[in-house]
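Written below as structure tokens is the structure these notes are about.
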Amino acid sequence: MTATRTLTYREAIREALREAMQRDERVFLMGEDVGRYGGAYACSKGLIEEFGEARIRDTPLSESGFTGAGIGAALGGMRPIVEIMTVNFSLLALDQIVNTAATLRHMSGGQFSVPLVIRMATGAGRQLAAQHSHSLECWFAHVPGLRVVAPATVADARGMLWTALQDPDPVIMFEHATLYNDEGEVAAEGQVSCDLDNAAIRRTGKDVSLITYSGSLKKTLDAAQQLSEEGVDCEVIDLRSLRPLDDATIMSSVSKTARAVIVDEGWRSGSLAGEISARIQEQAFYSLDAPVERVCSVEVPIPYPSHLEMAATPQAEGIMAAVRKTLRK
Amino acid sequence: MTATRTLTYREAIREALREAMQRDERVFLMGEDVGRYGGAYACSKGLIEEFGEARIRDTPLSESGFTGAGIGAALGGMRPIVEIMTVNFSLLALDQIVNTAATLRHMSGGQFSVPLVIRMATGAGRQLAAQHSHSLECWFAHVPGLRVVAPATVADARGMLWTALQDPDPVIMFEHATLYNDEGEVAAEGQVSCDLDNAAIRRTGKDVSLITYSGSLKKTLDAAQQLSEEGVDCEVIDLRSLRPLDDATIMSSVSKTARAVIVDEGWRSGSLAGEISARIQEQAFYSLDAPVERVCSVEVPIPYPSHLEMAATPQAEGIMAAVRKTLRK
Amino acid sequence: MATGTDTKVHLVREHALDLLKQMVLIRRFEEKSAELYSAEKIRGFLHLYIGEEANAVGVMQALGPDDAIVATYREHGHALARGLPPGEIMAEMYGKASGSSRGRGGSMHIFDARHRFYGGNAIVGGGLPLAVGLALADKMQDNNRVTCCFFGEGAAAEGEFHESLNLAALWNLPVLFICENNGYAMGTALERSESNPDISRHAEAYSIASEDVDGMNVVDVEAAARRAVAAIRTGNGPRFLENKTYRFRAHSMFDAELYRDKAEVEQWKKIGPVVRFTDWLVESGMIRQADMDTIEQEVEQIIGDAVTFAEQAPWEPVEDLTRDVMTPTAQDGVLS
Amino acid sequence: MATGTDTKVHLVREHALDLLKQMVLIRRFEEKSAELYSAEKIRGFLHLYIGEEANAVGVMQALGPDDAIVATYREHGHALARGLPPGEIMAEMYGKASGSSRGRGGSMHIFDARHRFYGGNAIVGGGLPLAVGLALADKMQDNNRVTCCFFGEGAAAEGEFHESLNLAALWNLPVLFICENNGYAMGTALERSESNPDISRHAEAYSIASEDVDGMNVVDVEAAARRAVAAIRTGNGPRFLENKTYRFRAHSMFDAELYRDKAEVEQWKKIGPVVRFTDWLVESGMIRQADMDTIEQEVEQIIGDAVTFAEQAPWEPVEDLTRDVMTPTAQDGVLS
Ligand SMILES: Cc1ncc(C[n+]2csc(CCOP(=O)(O)OP(=O)(O)O)c2C)c(N)n1
Ligand SMILES: Cc1ncc(C[n+]2csc(CCOP(=O)(O)OP(=O)(O)O)c2C)c(N)n1
Ligand SMILES: [Mg+2]
Ligand SMILES: [Mg+2]
């Protein structure tokens, strides 16, 4: 048993950033307001004082430009961490991410890799309305050449960055904006990196497999807890890596429970949940006792008022209802 | 029986453009090289002479700018047709499409609709390599507020544009670049528009339902033809509308055949095929005799050489293999 | 609202009082909004316009009811100056169904078709292409209308800014670009985001005539806007105004303001648009303290009514969650 | 390759012959490519550089082996001038495994790590941010290296162009921007895509020193490039060259050239970079017809060998389809 500490998700990200900067001088952070402002979500607060403005680099509002510059800097021998303030603004940088970062190695016949980490906040839940509440993880998870991760816990927020920086290819890291204030346990100093390859079973159970990631993990664990009081024993899987997906962990759970519910904040049509549902029935069809259920966001641009935003996005009640449905309860 | 004519897909698009311009003076075409050059795929060849440069409007290389201008012009009372040369370049316009066109009506509480049609060529098959061969229809089909169509036949190419122009909301129309030279029958003059709502059964059969769209329809019909010689009777569904999806047609076919294979040129992970597979098992789980199969593109940026490009994208052989698999043959 | 046909500012007492009252209305409305944010009546992001009032008020004088406005997430002031009902703006910030946008948009997405107010855009630079398109539609339909697009200096670094200026100039479109240069984009000072902080240089590179304006002086702003709008109406294409102004409050309610020191803020407050204009009017004898008191009373009344309206407005029922995603068409049994 | 340290052009006979030979090599290589395209040995898109040879050849003289190049889909000429093996370039266009990019990229995506040749980008404007990043890496690592970015005038309308110029100037990065202004973007003449066709005005708006260059004159190009590179190496940030040039052939093999008349093309051909330089060298007595014949023979030999190499090169086995999507890492049993 190693000693642990309690940090907020925000502190974990900041600690991970600081450590990466200290361990590898090729690492630098670049993005809008990461420096003087301290980061839109205060993740890099204080770092510019410690590392200077060359390595904690404030950029103009030029998402395509500085994301592309991150790709070029990676080619040039650096280990850039590009922070795109939120996934909503990444729409302005998709050309560079998809047409350049994801294709360069292949187009060059393996001559050039792009060791770049792109961090961005994602998701709804803060009443920021239609242009500031997207969950487009599924778009990125669709693209060969990219690796996509989503730390849902403070420990993963603390550990994933360093591992991502060791990856020779572009890694997109999604941080759900509702997680930053959450507290959690992390390993003591020194033990920092964690694998990016495997999904994590956050709760073991035998009746139904609940598969989720990022900001929806809390709600899913909450639902599982309430269901346990009804005598329903749920297993909760946190995907952690969205590309590639850890099929093995998913399938072994589903072949045990014979039932699955996928919880995904993305809009239902074309969601990552759809991909996972398809894979489950491709790989575990004959062990399924009920159709795989999906709990996703309603197909509406996220509305501003709290009651409508809550109704538009997955909540514990909806998850519980879906579980009962798979159990025909 | 109405009289028909034979046109190429390109001619059908051009005729539809011309007719729309003639019928409604609010309609205009805007995009890169649509005028003097005649369109990258020659779809608008000759139209600038007929309608002048104000209505056949050449734009600078500014995908985000002129797509946004199309949205504004739609708000201002026009009926713009924006041509983005190919889906590959639409990555530069996604902010305007997703953050503005798709959200405006909702964000304004229903005050402003965006009657805009955006046409773009899509797909691989012409040895244009990794940056010019994307099939990202699934991305657009994920976004509430958009309507997405993909004419796979000459008749649909001829008829869909006018219907799309009647739609009060943004319609994204995908034209697979390998279709432009294909010939097909269209209704005689006068009978032009066609619905955008329903999938079409291009071939009826009782053994397996093959579900596809756009450039993959040809290959799928080809596979179905060859399979029929083996005594396998396939039904082929052309989705036509990718958002919304016509679940009714899909499910009634699958509940008849009990087997489904989805053919989609998109990369497999996070493909539209995944969504359809998920829906089938959600809505027709108990009538399935075998797992739903997907034939998609291999997860690699599309390589330039023909033999590798062919291997990376769906072909008749692969479709036939998937069908046999669902039949355990 | 001024008809916008006149190209000169006639600073008669009535007009002076009107300008002053509009600026005070915005100032008090924003202060009340901050208060209601702390009270958790208003949620999400809230970007206050305090310190920049002269820009929206001055520019709107030059526009007529047929002209269009495109603004940003910092748009309450523009909405008020454009004449949108304060109660509906407040109800929008409450997220109520009686809000300007049925409460769907909130503070960042105030829209009003009756006033040709096209929002309320929360993507920096995102409104510029839209404005270009509105102007293109007017040009193609021979409407002699102007589309006025407000944005911050931070937007000048975005590609969409450049693509839009080029299109507007290339096609000779009736767009009035108003760069509200308040010196900072969140925490980033202009000198740290533009290799050449003189934004109007870019307008000139597109052959767009531009003018630098004292954005803290409502009369200067009105005069410059009237000149620009008059020029645009002659059909000679877009104009560009760079209004030097300052934001007295934090960028949003989440901003710790680590990037600027209080002294700088205090300096600017000394030349604040309200205090400066008031002093000047009083000194010039055009108004008296009593006039100020009347304005404050009237404004207090308006804002009080707005808050009451918002408080009493209904919530959109959850059953209506998916309304206004797509436009109802005839076959849905509703006319589009 | 020139070391790029010298800032003057020394037009001694050897250098003149070298410049001429490089331009002729590109010219003949492109002619052969067109031929092989008709023979369906080369597929997909093919964009020829014929008429623009002086630009790549002239600029490369100013660059050293440590400097980096970023080019577009019209990059065969740049690849040849940079010294990439012609056989590998040709094999790439054949799609063979011995091609510069293992045949994965084709004509539009020629890459070569040994020559710091970063492609081969088929997204107009897409290479500029990449070049900015390469230069940023050099600056952060104190490498005294230059990144040279070639692009067409059509790219100037793209937002990425503006964001990149601003970043390079703001951060004082060693980037040499070369705008190859051949007057057309596919079928769109510059006057129809830029409200102000003087592209260098934009560079100036970012406070980037720029120079207009006769892109049909290889000596002028070399001289301007040497001046610019020398300035960049002193650490004073980016430079911008606008090279006026012309494309003699269609945009690609699909282009019907409806947008320009033959007369215009013929006019430009009269001042073609090869014919003009040759005549001048002959008149000045620096070379003789015999030299030209030798060059043509050597070039024919080189191209012949390149085609043979490409013809004999192997195809990538289909089993290797998914290689080079992700980088093999230690745990894959391969060293990264
Ligand atoms: C494309 C985009 N990038 C980033 C943001 C986050 N953001 C919101 S406001 C803002 C600063 C904008 O500054 P400026 O344009 O000067 O307007 P101001 O807030 O000063 O009025 C930023 C970076 C955004 N909304 N959109
Ligand atoms: C972003 C983007 N939009 C459109 C295209 C299609 N396209 C390819 S080349 C080209 C013209 C580019 O002209 P220019 O930049 O002047 O370069 P040139 O071809 O003249 O060398 C266009 C429009 C593209 N490749 N990328
Ligand atoms: Mg600002
Ligand atoms: Mg050109």
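Naming scheme: A, B, ... for chains in displayed order of the structure tokens; residues 1 onward per chain; ligands 1 onward as shown.
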Once you count only C-alpha atoms, which residues of chain B turn out to be within 6 Å of chain D? Could you give them as a PyMOL selection string?
chain B and resi 36-37+60-62+126-129+300+303-305
For the residues in that selection, give me N, CA, C and O atoms as a PDB file, in the first residue's frame.
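Ended up saving to out00.pdb:
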```pdb
ATOM      1  N   ARG B  36     -15.703  30.961 -63.194  1.00  0.00           N
ATOM      2  CA  ARG B  36     -14.863  30.905 -64.392  1.00  0.00           C
ATOM      3  C   ARG B  36     -14.266  29.533 -64.642  1.00  0.00           C
ATOM      4  O   ARG B  36     -14.144  29.093 -65.782  1.00  0.00           O
ATOM      5  N   TYR B  37     -13.865  28.861 -63.596  1.00  0.00           N
ATOM      6  CA  TYR B  37     -13.243  27.545 -63.745  1.00  0.00           C
ATOM      7  C   TYR B  37     -14.297  26.500 -64.110  1.00  0.00           C
ATOM      8  O   TYR B  37     -13.991  25.521 -64.775  1.00  0.00           O
ATOM      9  N   PRO B  60     -12.755  33.599 -52.762  1.00  0.00           N
ATOM     10  CA  PRO B  60     -11.353  33.345 -52.436  1.00  0.00           C
ATOM     11  C   PRO B  60     -11.255  32.022 -51.658  1.00  0.00           C
ATOM     12  O   PRO B  60     -12.272  31.458 -51.265  1.00  0.00           O
ATOM     13  N   LEU B  61     -10.060  31.557 -51.426  1.00  0.00           N
ATOM     14  CA  LEU B  61      -9.842  30.378 -50.587  1.00  0.00           C
ATOM     15  C   LEU B  61     -10.043  30.783 -49.137  1.00  0.00           C
ATOM     16  O   LEU B  61      -9.099  31.166 -48.452  1.00  0.00           O
ATOM     17  N   SER B  62     -11.272  30.742 -48.708  1.00  0.00           N
ATOM     18  CA  SER B  62     -11.648  31.178 -47.358  1.00  0.00           C
ATOM     19  C   SER B  62     -12.843  30.356 -46.906  1.00  0.00           C
ATOM     20  O   SER B  62     -13.944  30.891 -46.758  1.00  0.00           O
ATOM     21  N   ARG B 126      -9.917   7.915 -55.892  1.00  0.00           N
ATOM     22  CA  ARG B 126      -9.308   8.562 -57.057  1.00  0.00           C
ATOM     23  C   ARG B 126      -7.815   8.774 -56.861  1.00  0.00           C
ATOM     24  O   ARG B 126      -7.214   9.616 -57.489  1.00  0.00           O
ATOM     25  N   GLN B 127      -7.249   8.020 -55.914  1.00  0.00           N
ATOM     26  CA  GLN B 127      -5.804   8.103 -55.646  1.00  0.00           C
ATOM     27  C   GLN B 127      -5.347   9.502 -55.297  1.00  0.00           C
ATOM     28  O   GLN B 127      -4.341   9.988 -55.809  1.00  0.00           O
ATOM     29  N   LEU B 128      -6.101  10.154 -54.426  1.00  0.00           N
ATOM     30  CA  LEU B 128      -5.727  11.509 -54.025  1.00  0.00           C
ATOM     31  C   LEU B 128      -5.055  11.542 -52.658  1.00  0.00           C
ATOM     32  O   LEU B 128      -4.736  12.607 -52.140  1.00  0.00           O
ATOM     33  N   ALA B 129      -4.874  10.382 -52.056  1.00  0.00           N
ATOM     34  CA  ALA B 129      -4.095  10.246 -50.822  1.00  0.00           C
ATOM     35  C   ALA B 129      -4.764  10.860 -49.581  1.00  0.00           C
ATOM     36  O   ALA B 129      -5.925  11.268 -49.604  1.00  0.00           O
ATOM     37  N   VAL B 300      -6.729   3.648 -41.544  1.00  0.00           N
ATOM     38  CA  VAL B 300      -5.460   4.157 -42.035  1.00  0.00           C
ATOM     39  C   VAL B 300      -5.774   5.389 -42.895  1.00  0.00           C
ATOM     40  O   VAL B 300      -6.794   5.417 -43.588  1.00  0.00           O
ATOM     41  N   PRO B 303      -4.025   5.667 -48.435  1.00  0.00           N
ATOM     42  CA  PRO B 303      -2.739   5.720 -49.143  1.00  0.00           C
ATOM     43  C   PRO B 303      -2.951   5.994 -50.636  1.00  0.00           C
ATOM     44  O   PRO B 303      -4.015   5.696 -51.180  1.00  0.00           O
ATOM     45  N   TYR B 304      -1.920   6.517 -51.270  1.00  0.00           N
ATOM     46  CA  TYR B 304      -1.997   6.899 -52.681  1.00  0.00           C
ATOM     47  C   TYR B 304      -2.082   5.721 -53.671  1.00  0.00           C
ATOM     48  O   TYR B 304      -2.919   5.747 -54.575  1.00  0.00           O
ATOM     49  N   PRO B 305      -1.261   4.678 -53.506  1.00  0.00           N
ATOM     50  CA  PRO B 305      -1.253   3.661 -54.569  1.00  0.00           C
ATOM     51  C   PRO B 305      -2.584   2.919 -54.667  1.00  0.00           C
ATOM     52  O   PRO B 305      -3.210   2.612 -53.662  1.00  0.00           O
TER      53      PRO B 305
END
```
If we count only C-alpha atoms, which residues of chain B reach to within 7 Å of chain A? Please list them as a ChimeraX atom specification.
/B:91-92,94-95,99,103,106-107,130-131,138-139,141-142,144,267,269-270,272,274-275,277-278,281-282,285,291-292,299-301
Just write the chosen residues, N, CA and C atoms, as an mmCIF file, in the first residue's frame.
```
data_model
loop_
_atom_site.group_PDB
_atom_site.id
_atom_site.type_symbol
_atom_site.label_atom_id
_atom_site.label_comp_id
_atom_site.auth_asym_id
_atom_site.auth_seq_id
_atom_site.Cartn_x
_atom_site.Cartn_y
_atom_site.Cartn_z
ATOM 1 N N LEU B 91 -13.157 20.952 -43.114
ATOM 2 C CA LEU B 91 -12.605 21.001 -41.759
ATOM 3 C C LEU B 91 -12.292 22.436 -41.369
ATOM 4 N N LEU B 92 -12.051 23.267 -42.367
ATOM 5 C CA LEU B 92 -11.766 24.681 -42.098
ATOM 6 C C LEU B 92 -13.039 25.479 -41.853
ATOM 7 N N LEU B 94 -15.833 24.073 -40.201
ATOM 8 C CA LEU B 94 -16.691 23.392 -39.223
ATOM 9 C C LEU B 94 -17.175 24.305 -38.111
ATOM 10 N N ASP B 95 -16.380 25.295 -37.751
ATOM 11 C CA ASP B 95 -16.845 26.213 -36.711
ATOM 12 C C ASP B 95 -18.142 26.872 -37.168
ATOM 13 N N ASN B 99 -21.034 25.541 -34.980
ATOM 14 C CA ASN B 99 -21.295 26.536 -33.934
ATOM 15 C C ASN B 99 -22.292 27.614 -34.346
ATOM 16 N N THR B 103 -26.708 25.832 -34.685
ATOM 17 C CA THR B 103 -27.197 26.281 -33.376
ATOM 18 C C THR B 103 -28.104 27.515 -33.443
ATOM 19 N N HIS B 106 -31.876 27.369 -32.566
ATOM 20 C CA HIS B 106 -32.130 27.037 -31.170
ATOM 21 C C HIS B 106 -31.703 28.158 -30.222
ATOM 22 N N MET B 107 -30.503 28.685 -30.455
ATOM 23 C CA MET B 107 -29.986 29.746 -29.572
ATOM 24 C C MET B 107 -30.857 30.987 -29.607
ATOM 25 N N ALA B 130 -3.984 10.920 -48.501
ATOM 26 C CA ALA B 130 -4.516 11.083 -47.143
ATOM 27 C C ALA B 130 -5.260 12.384 -46.870
ATOM 28 N N GLN B 131 -4.904 13.447 -47.534
ATOM 29 C CA GLN B 131 -5.561 14.733 -47.241
ATOM 30 C C GLN B 131 -6.734 15.027 -48.172
ATOM 31 N N CYS B 138 -20.226 10.923 -41.222
ATOM 32 C CA CYS B 138 -20.706 10.590 -39.868
ATOM 33 C C CYS B 138 -20.554 11.772 -38.917
ATOM 34 N N TRP B 139 -19.553 12.583 -39.134
ATOM 35 C CA TRP B 139 -19.375 13.756 -38.259
ATOM 36 C C TRP B 139 -20.579 14.685 -38.375
ATOM 37 N N ALA B 141 -23.518 13.942 -39.543
ATOM 38 C CA ALA B 141 -24.751 13.253 -39.157
ATOM 39 C C ALA B 141 -24.927 13.233 -37.638
ATOM 40 N N HIS B 142 -23.901 13.639 -36.917
ATOM 41 C CA HIS B 142 -23.929 13.637 -35.447
ATOM 42 C C HIS B 142 -24.525 14.927 -34.881
ATOM 43 N N PRO B 144 -27.124 17.888 -34.187
ATOM 44 C CA PRO B 144 -28.503 18.375 -34.203
ATOM 45 C C PRO B 144 -28.560 19.765 -34.826
ATOM 46 N N TRP B 267 -14.091 5.430 -41.830
ATOM 47 C CA TRP B 267 -13.269 4.547 -41.007
ATOM 48 C C TRP B 267 -14.184 3.827 -40.018
ATOM 49 N N SER B 269 -14.082 2.721 -36.769
ATOM 50 C CA SER B 269 -14.363 3.214 -35.407
ATOM 51 C C SER B 269 -15.100 4.541 -35.461
ATOM 52 N N GLY B 270 -16.267 4.565 -34.834
ATOM 53 C CA GLY B 270 -17.043 5.805 -34.824
ATOM 54 C C GLY B 270 -17.703 6.096 -36.157
ATOM 55 N N LEU B 272 -20.637 5.870 -39.183
ATOM 56 C CA LEU B 272 -22.098 5.888 -39.237
ATOM 57 C C LEU B 272 -22.607 4.451 -39.177
ATOM 58 N N GLY B 274 -21.525 2.173 -37.363
ATOM 59 C CA GLY B 274 -21.638 1.809 -35.952
ATOM 60 C C GLY B 274 -22.978 2.256 -35.387
ATOM 61 N N GLU B 275 -23.375 3.479 -35.732
ATOM 62 C CA GLU B 275 -24.656 3.996 -35.263
ATOM 63 C C GLU B 275 -25.812 3.123 -35.756
ATOM 64 N N SER B 277 -25.697 0.014 -36.755
ATOM 65 C CA SER B 277 -25.628 -1.290 -36.100
ATOM 66 C C SER B 277 -26.238 -1.201 -34.707
ATOM 67 N N ALA B 278 -25.905 -0.137 -33.973
ATOM 68 C CA ALA B 278 -26.454 0.031 -32.625
ATOM 69 C C ALA B 278 -27.973 0.144 -32.684
ATOM 70 N N GLN B 281 -29.720 -3.244 -33.335
ATOM 71 C CA GLN B 281 -29.876 -4.156 -32.203
ATOM 72 C C GLN B 281 -30.715 -3.524 -31.097
ATOM 73 N N GLU B 282 -30.853 -2.214 -31.096
ATOM 74 C CA GLU B 282 -31.775 -1.592 -30.129
ATOM 75 C C GLU B 282 -33.215 -1.844 -30.541
ATOM 76 N N PHE B 285 -33.438 -6.260 -32.041
ATOM 77 C CA PHE B 285 -32.595 -7.257 -31.372
ATOM 78 C C PHE B 285 -33.155 -8.677 -31.478
ATOM 79 N N PRO B 291 -25.008 -11.549 -35.647
ATOM 80 C CA PRO B 291 -24.558 -10.185 -35.365
ATOM 81 C C PRO B 291 -24.578 -9.335 -36.640
ATOM 82 N N VAL B 292 -24.868 -8.069 -36.487
ATOM 83 C CA VAL B 292 -24.829 -7.154 -37.624
ATOM 84 C C VAL B 292 -23.360 -6.972 -38.019
ATOM 85 N N GLU B 299 -8.593 1.388 -40.770
ATOM 86 C CA GLU B 299 -8.231 2.592 -40.031
ATOM 87 C C GLU B 299 -6.823 3.063 -40.355
ATOM 88 N N VAL B 300 -6.729 3.648 -41.544
ATOM 89 C CA VAL B 300 -5.460 4.157 -42.035
ATOM 90 C C VAL B 300 -5.774 5.389 -42.895
ATOM 91 N N PRO B 301 -4.917 6.425 -42.791
ATOM 92 C CA PRO B 301 -5.102 7.538 -43.733
ATOM 93 C C PRO B 301 -5.021 6.939 -45.141
#
```
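For Glu317 (chain A), the set of protein, DNA and RNA residues having any atom at most 12 Å away, when counting only C-alpha atoms and skipping those fewer than 2 positions along the same chain, is Lys219, Thr220, Leu221, Asp222, Ala223, Ala224, Gln225, Gln226, Leu227, Val263, Val295, Met310, Ala311, Thr313, Pro314, Gln315, Ile319, Met320, Ala321, Ala322, Val323 and Arg324 of chain A.
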Which neighbours of Arg119 (chain A) fall inside 10 Å, counting only C-alpha atoms, when residues of the same chain fewer than 5 positions from it are skipped, and could you give them as a PDB file with N, CA, C and O atoms, in the first residue's frame?
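As a result, part_28.pdb now contains:
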```
ATOM      1  N   LEU A  29       4.210  24.453 -22.723  1.00  0.00           N
ATOM      2  CA  LEU A  29       2.755  24.587 -22.787  1.00  0.00           C
ATOM      3  C   LEU A  29       2.423  25.818 -23.606  1.00  0.00           C
ATOM      4  O   LEU A  29       3.000  26.883 -23.401  1.00  0.00           O
ATOM      5  N   GLY A  31      -0.917  28.021 -25.474  1.00  0.00           N
ATOM      6  CA  GLY A  31      -2.357  28.150 -25.662  1.00  0.00           C
ATOM      7  C   GLY A  31      -2.845  29.525 -25.237  1.00  0.00           C
ATOM      8  O   GLY A  31      -2.053  30.346 -24.740  1.00  0.00           O
ATOM      9  N   ILE A  81       2.853  20.809 -25.438  1.00  0.00           N
ATOM     10  CA  ILE A  81       1.508  20.557 -24.935  1.00  0.00           C
ATOM     11  C   ILE A  81       0.696  21.753 -25.401  1.00  0.00           C
ATOM     12  O   ILE A  81       0.941  22.884 -24.978  1.00  0.00           O
ATOM     13  N   VAL A  82      -0.219  21.520 -26.339  1.00  0.00           N
ATOM     14  CA  VAL A  82      -1.075  22.600 -26.818  1.00  0.00           C
ATOM     15  C   VAL A  82      -2.376  22.544 -26.034  1.00  0.00           C
ATOM     16  O   VAL A  82      -3.008  21.491 -25.950  1.00  0.00           O
ATOM     17  N   GLU A  83      -2.746  23.662 -25.428  1.00  0.00           N
ATOM     18  CA  GLU A  83      -4.031  23.714 -24.741  1.00  0.00           C
ATOM     19  C   GLU A  83      -5.001  24.491 -25.621  1.00  0.00           C
ATOM     20  O   GLU A  83      -4.805  25.671 -25.899  1.00  0.00           O
ATOM     21  N   ILE A  84      -6.019  23.788 -26.099  1.00  0.00           N
ATOM     22  CA  ILE A  84      -7.116  24.479 -26.779  1.00  0.00           C
ATOM     23  C   ILE A  84      -8.160  24.670 -25.683  1.00  0.00           C
ATOM     24  O   ILE A  84      -8.567  23.708 -25.042  1.00  0.00           O
ATOM     25  N   MET A  85      -8.523  25.902 -25.449  1.00  0.00           N
ATOM     26  CA  MET A  85      -9.312  26.226 -24.263  1.00  0.00           C
ATOM     27  C   MET A  85     -10.483  25.263 -24.064  1.00  0.00           C
ATOM     28  O   MET A  85     -10.676  24.733 -22.978  1.00  0.00           O
ATOM     29  N   THR A  86     -11.264  25.061 -25.133  1.00  0.00           N
ATOM     30  CA  THR A  86     -12.334  24.054 -25.052  1.00  0.00           C
ATOM     31  C   THR A  86     -12.509  23.393 -26.413  1.00  0.00           C
ATOM     32  O   THR A  86     -12.129  23.937 -27.446  1.00  0.00           O
ATOM     33  N   VAL A  87     -13.129  22.229 -26.384  1.00  0.00           N
ATOM     34  CA  VAL A  87     -13.372  21.468 -27.614  1.00  0.00           C
ATOM     35  C   VAL A  87     -14.184  22.296 -28.607  1.00  0.00           C
ATOM     36  O   VAL A  87     -14.053  22.143 -29.823  1.00  0.00           O
ATOM     37  N   VAL A 149      -7.493  10.228 -25.175  1.00  0.00           N
ATOM     38  CA  VAL A 149      -7.684   9.792 -23.797  1.00  0.00           C
ATOM     39  C   VAL A 149      -8.571  10.779 -23.038  1.00  0.00           C
ATOM     40  O   VAL A 149      -8.665  11.948 -23.413  1.00  0.00           O
ATOM     41  N   ALA A 150      -9.206  10.282 -21.992  1.00  0.00           N
ATOM     42  CA  ALA A 150     -10.101  11.125 -21.202  1.00  0.00           C
ATOM     43  C   ALA A 150      -9.985  10.751 -19.726  1.00  0.00           C
ATOM     44  O   ALA A 150     -10.668   9.842 -19.263  1.00  0.00           O
ATOM     45  N   LEU A 161      -0.814  12.660 -18.304  1.00  0.00           N
ATOM     46  CA  LEU A 161      -0.072  13.619 -19.119  1.00  0.00           C
ATOM     47  C   LEU A 161       1.335  13.130 -19.439  1.00  0.00           C
ATOM     48  O   LEU A 161       1.764  13.154 -20.591  1.00  0.00           O
ATOM     49  N   VAL A 171      -1.511  12.879 -29.152  1.00  0.00           N
ATOM     50  CA  VAL A 171      -2.482  12.414 -28.159  1.00  0.00           C
ATOM     51  C   VAL A 171      -3.423  13.572 -27.835  1.00  0.00           C
ATOM     52  O   VAL A 171      -2.976  14.673 -27.524  1.00  0.00           O
ATOM     53  N   ILE A 172      -4.716  13.313 -27.953  1.00  0.00           N
ATOM     54  CA  ILE A 172      -5.715  14.320 -27.600  1.00  0.00           C
ATOM     55  C   ILE A 172      -6.231  13.963 -26.217  1.00  0.00           C
ATOM     56  O   ILE A 172      -6.676  12.843 -25.990  1.00  0.00           O
ATOM     57  N   MET A 173      -6.157  14.901 -25.305  1.00  0.00           N
ATOM     58  CA  MET A 173      -6.572  14.644 -23.922  1.00  0.00           C
ATOM     59  C   MET A 173      -7.759  15.531 -23.572  1.00  0.00           C
ATOM     60  O   MET A 173      -7.664  16.751 -23.603  1.00  0.00           O
ATOM     61  N   PHE A 174      -8.873  14.887 -23.259  1.00  0.00           N
ATOM     62  CA  PHE A 174     -10.098  15.612 -22.933  1.00  0.00           C
ATOM     63  C   PHE A 174     -10.302  15.716 -21.425  1.00  0.00           C
ATOM     64  O   PHE A 174     -10.289  14.709 -20.729  1.00  0.00           O
ATOM     65  N   GLU A 175     -10.493  16.941 -20.953  1.00  0.00           N
ATOM     66  CA  GLU A 175     -10.751  17.175 -19.531  1.00  0.00           C
ATOM     67  C   GLU A 175     -12.162  17.745 -19.401  1.00  0.00           C
ATOM     68  O   GLU A 175     -12.439  18.844 -19.892  1.00  0.00           O
TER      69      GLU A 175
END
```
Work out how far CA of Leu48 (chain C) is from CA of Ala263 (chain C), in Å to one decimal.
19.8 Å
Identify, counting only C-alpha atoms and all ligand atoms, the protein, DNA and RNA residues located within 7 Å of ligand 4, and give them as a PyMOL selection string.
chain D and resi 152-154+180-186
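As for CA of Arg74 (chain C) and CA of Gln297 (chain C), they are spaced 25.5 Å apart.
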